[in-house]
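Working notes, structure below.
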Amino acid sequence: MGVEAKLGDLGLVTLTLEKAVNWSRTRAMWPMLFGLACCAIEMMSAQASHYDLSRFGMELMRASPRQSDLMIVAGRVTRKMAPVLRRLYDQMPDPKWVIAMGDCASCGGIFNNYAIVQGVDEVVPVDVYVAGCPPRPEALIHGIITLHHKVEKEKLAAHA
Amino acid sequence: MPKNDSGRHLPPMRPEAPVTESVGTPEAAPFDDPRLAEYRHLVSERAISGETVILNMGPQHPSTHGVLRLILELDGERIITCIPDIGFLHTGVEKNMEAKTYIKALVMTDRLDYMNNVGNNLAYALAVEKLVGLDVPPRAQAIRVILTELQRLSSHLVWLGTHALDLAAMSVFLYCFREREIILDIFEMVSGQRMMTSYIRPGGLWRDVPSEFEPAVREFIKIFPRRLRQYERLLTKNPLFIDRTRGIGVISGEAALEAGLTGGALRGSGVNYDLRKAMPYSGYEQYDFEVPLGSTGDVYDRYRVRMAEMPQSLRIVEQALNTLPRGPVQSANRKFVPPPRSEIGQSMESLIHHFKLWTEGFDAPRGAIYSAVESPRGELGVYLEGNGGPKAQRVYWRTPSFMNISALPILAKGHLVADLVGIIGSLDIVLGDVDR
Amino acid sequence: MSGLDEALNVLRTALGEGVRTVTDFRGETTVEVDPARIVAACRAVRDAPTLKFTRLAGQTAVDYWPDEPRFAVIYQLHSLEKGLRLRLLLRLQGDAPSVASVVQVFPSANWHEREIFDMFGIRFTGHPDLRRLLMPADWQGHPLRKDYPLGYEEVQFTFNFDEIDRKKPYAKE
């Protein structure tokens, strides 16, 4: 691991800047409160004490997009809501990630009709899709950890 | 430097900001903005002159319990007019259900009022059974009652958690979700899914409950009353909570009936209307329970009504579990109810019924019925019209939250914005119910 | 049911020829009335002391396209004191029908009629605030009509991936 392995216990650790930045981004990723429908209830269950999300650094759900990094689109997005979703995504500062939680956000789910956007990736770029209707809190946590793995492999210039 | 009453020095006063000319004149009118033009006839004169502020409490908001947009006309912090703008979760469920056969459309009913999945299934199953004239065996009716009351408890727990969270009592939220996990475990044991069970189907249930069901429910009945007392101790006599909820959002009984309120919001104003007593369904007339009523019709009374409904639900669950009859859980009428899997391998008729029911569906007679159940939010009614074919002519969901929100302008008038949060919480709205 | 016979008497007295048909299906009574007399009918059953149908439980419309008369508007009434339920029905012709609003009689009809206007295109004369409720304000068409398509998207497999991808309404930057 570098210098300290050869010189013994100096009380310091060396690593690349990329790893440090990615480490800090994953350990304190603040989600934005974007619960729309049924998946929001499972997201709230994941936030509550049984399947705790705070152990992943997501203690609070920030209601303001300006203070959050992660947008978990939980629930079905209608054509009326899609411009609002886009606007909120644009208001989030870089670096930002999107998890499409549930079937309705990933592909329109069981609602294949005039009112529902068939997959939220028509509106915002999605990093991780979590399947389920609604996905269990454990599935959501699996999705978040997958996102963490993805972020840990990112290059520094990914969010220019 | 001038001293105030307690003798402390006041900081120097900043020079008064000059009043800009645009305040209070037609140039500052917010209604020139075309996005607000459609509300022009709803707000008062002072908004058009610019004296009051138009605030958008947008679809994404921590306290609106979903995607509800409110356009508030504010005089300082006081609400003059409140205009709800709904439709951000309109899923077109009614049209989608009309495009599916009766059995397949059941799956979409879970997702309407997503806090009351089992209740929605029950409402639809009762409607279909009434339309085609299908019988339901007594064991299925009793299990339906148990699951519906457990769902009512789970919905009230989420209501309590989010209501308290909005009024800044966060620990109640965590406790309520802890109890809810036990109920969701029971649902998962019975149907395989935590929330969208699709367990209650026309003609009975999907399958019989497993043997672990009864011990799990009895365990829950044992531990829940103490937990309820914990919540009561935290909130009911809490002076902060009472300050924020007493005298807020008052509506009288007649006004509530005229506005179309049902459920806890109506019973908080003293009107005794509970569909489980007024139009009993699924064997509710056998069980002994009370319907709590409020008196003043404010947020506090609605809270007390729902808190008192929870032990009553537990009472019903216990009675139903004690008197659970034996027998089949599905109607034997193979023209409408698909046969169980074990029968298909042995009887040719069962195979044919299974094939026909799952591909083409059964034909419903011409005619229309209206069947209502008591959801945790109020009167959930289904108007089902058949046209002689396998797909419904019209499925209309009379949802309680739709009417409850339409009463919000009446309830919110003259209150502060901070009170509005409590009022919305007390109405117990679920946006999936409102927008369908 | 004697309560509902009473209701029929009241309606016949108030409307005379306005009562068209009376159907009884699965224990529920539906009375078809003349669309021009709907406000009088509602007022009659609300104010009659033996009936007191003070609650409008639900109001909706049905589209029978391509059959004529195309639309039917349903009023589900409920009497809290007497425990009775009654359904009033009226039939409307054509593609852009209109009928009088019952907001003066039942204030809770406000949002129900807005929703019917939004979904079916039936105009209610005398309604204070008739605009779209559930769909966006600039939406074209009335979704719950039978000639309005469901609007579904075909399943995207590998062989038709690009074809469906081209039709998808992506957000413009």
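By convention in this document, the chains of the structure tokens carry letters A, B, ... by their order, each chain's residues are numbered from 1, and ligands are numbered from 1 in the order they are shown.
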
- Based on DSSP run over this structure's backbone, return all residues of region 199-312 of chain B in helix (DSSP H, G or I), as number ranges by chain. B: 213-235, 239-245, 253-259, 264-267, 275-278, 284-286, 299-312

Listing only residues of region 2-118 of chain A within 9 Å of region 121-143 of chain C, what is the closest atom pair and its distance in Å (to one decimal) for each, using only C-alpha atoms, sorted by chain and residue number ascending, as a Markdown table?
```
| residue | atom | partner | partner_atom | distance |
| --- | --- | --- | --- | --- |
| A:Arg79 | CA | C:Pro136 | CA | 8.1 |
| A:Lys80 | CA | C:Pro136 | CA | 5.7 |
| A:Tyr114 | CA | C:Pro143 | CA | 8.1 |
| A:Ala115 | CA | C:Met135 | CA | 8.4 |
```

- Contacts of region 36-39 of chain C at 7 Å or less, counting only C-alpha atoms, minus same-chain residues fewer than 3 places along, as a PyMOL selection string? chain C and resi 18+33+42-43+102

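Note that the spacing between CA of Val67 (chain B) and CA of Ala105 (chain B) amounts to 24.9 Å.
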
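Each of C:Asp47, C:Asp63, C:Glu17, C:Glu6 was checked against chain B using only C-alpha atoms; the smallest atom-to-atom distance is that of C:Asp63.
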
Report the closest atom pair, with its distance in Å rounded to one decimal, for each residue of chain B that has an atom no farther than 8 Å from chain A; count only C-alpha atoms, sort by chain and then rising residue number, and write it as a Markdown table.
```
| residue | atom | partner | partner_atom | distance |
| --- | --- | --- | --- | --- |
| B:Pro59 | CA | A:Val84 | CA | 7.9 |
| B:Gln60 | CA | A:Phe34 | CA | 6.8 |
| B:His61 | CA | A:Ala63 | CA | 6.6 |
| B:Pro62 | CA | A:Ala63 | CA | 5.9 |
| B:Gly66 | CA | A:Leu36 | CA | 5.6 |
| B:Val67 | CA | A:Leu36 | CA | 6.1 |
| B:Gly87 | CA | A:Lys80 | CA | 7.2 |
| B:Phe88 | CA | A:Met81 | CA | 5.3 |
| B:Leu89 | CA | A:Thr78 | CA | 5.9 |
| B:His90 | CA | A:Thr78 | CA | 6.6 |
| B:Thr91 | CA | A:Ala115 | CA | 5.6 |
| B:Gly92 | CA | A:Ala115 | CA | 6.1 |
| B:Val93 | CA | A:Phe111 | CA | 7.7 |
| B:Asn96 | CA | A:Asn113 | CA | 7.1 |
| B:Met108 | CA | A:Ile110 | CA | 7.7 |
| B:Arg111 | CA | A:Cys38 | CA | 7.1 |
| B:Tyr114 | CA | A:Cys38 | CA | 5.4 |
| B:Met115 | CA | A:Cys38 | CA | 7.8 |
| B:Phe173 | CA | A:Ala48 | CA | 7.8 |
| B:Leu174 | CA | A:Ala48 | CA | 5.5 |
| B:Phe177 | CA | A:Ala48 | CA | 6.4 |
| B:Arg178 | CA | A:His50 | CA | 6.4 |
| B:Glu181 | CA | A:His50 | CA | 7.6 |
| B:Arg194 | CA | A:Arg136 | CA | 7.9 |
| B:Met195 | CA | A:Pro134 | CA | 7.6 |
| B:Met196 | CA | A:Cys133 | CA | 7.5 |
| B:Leu431 | CA | A:Ala37 | CA | 7.5 |
| B:Gly432 | CA | A:Ala37 | CA | 6.6 |
```
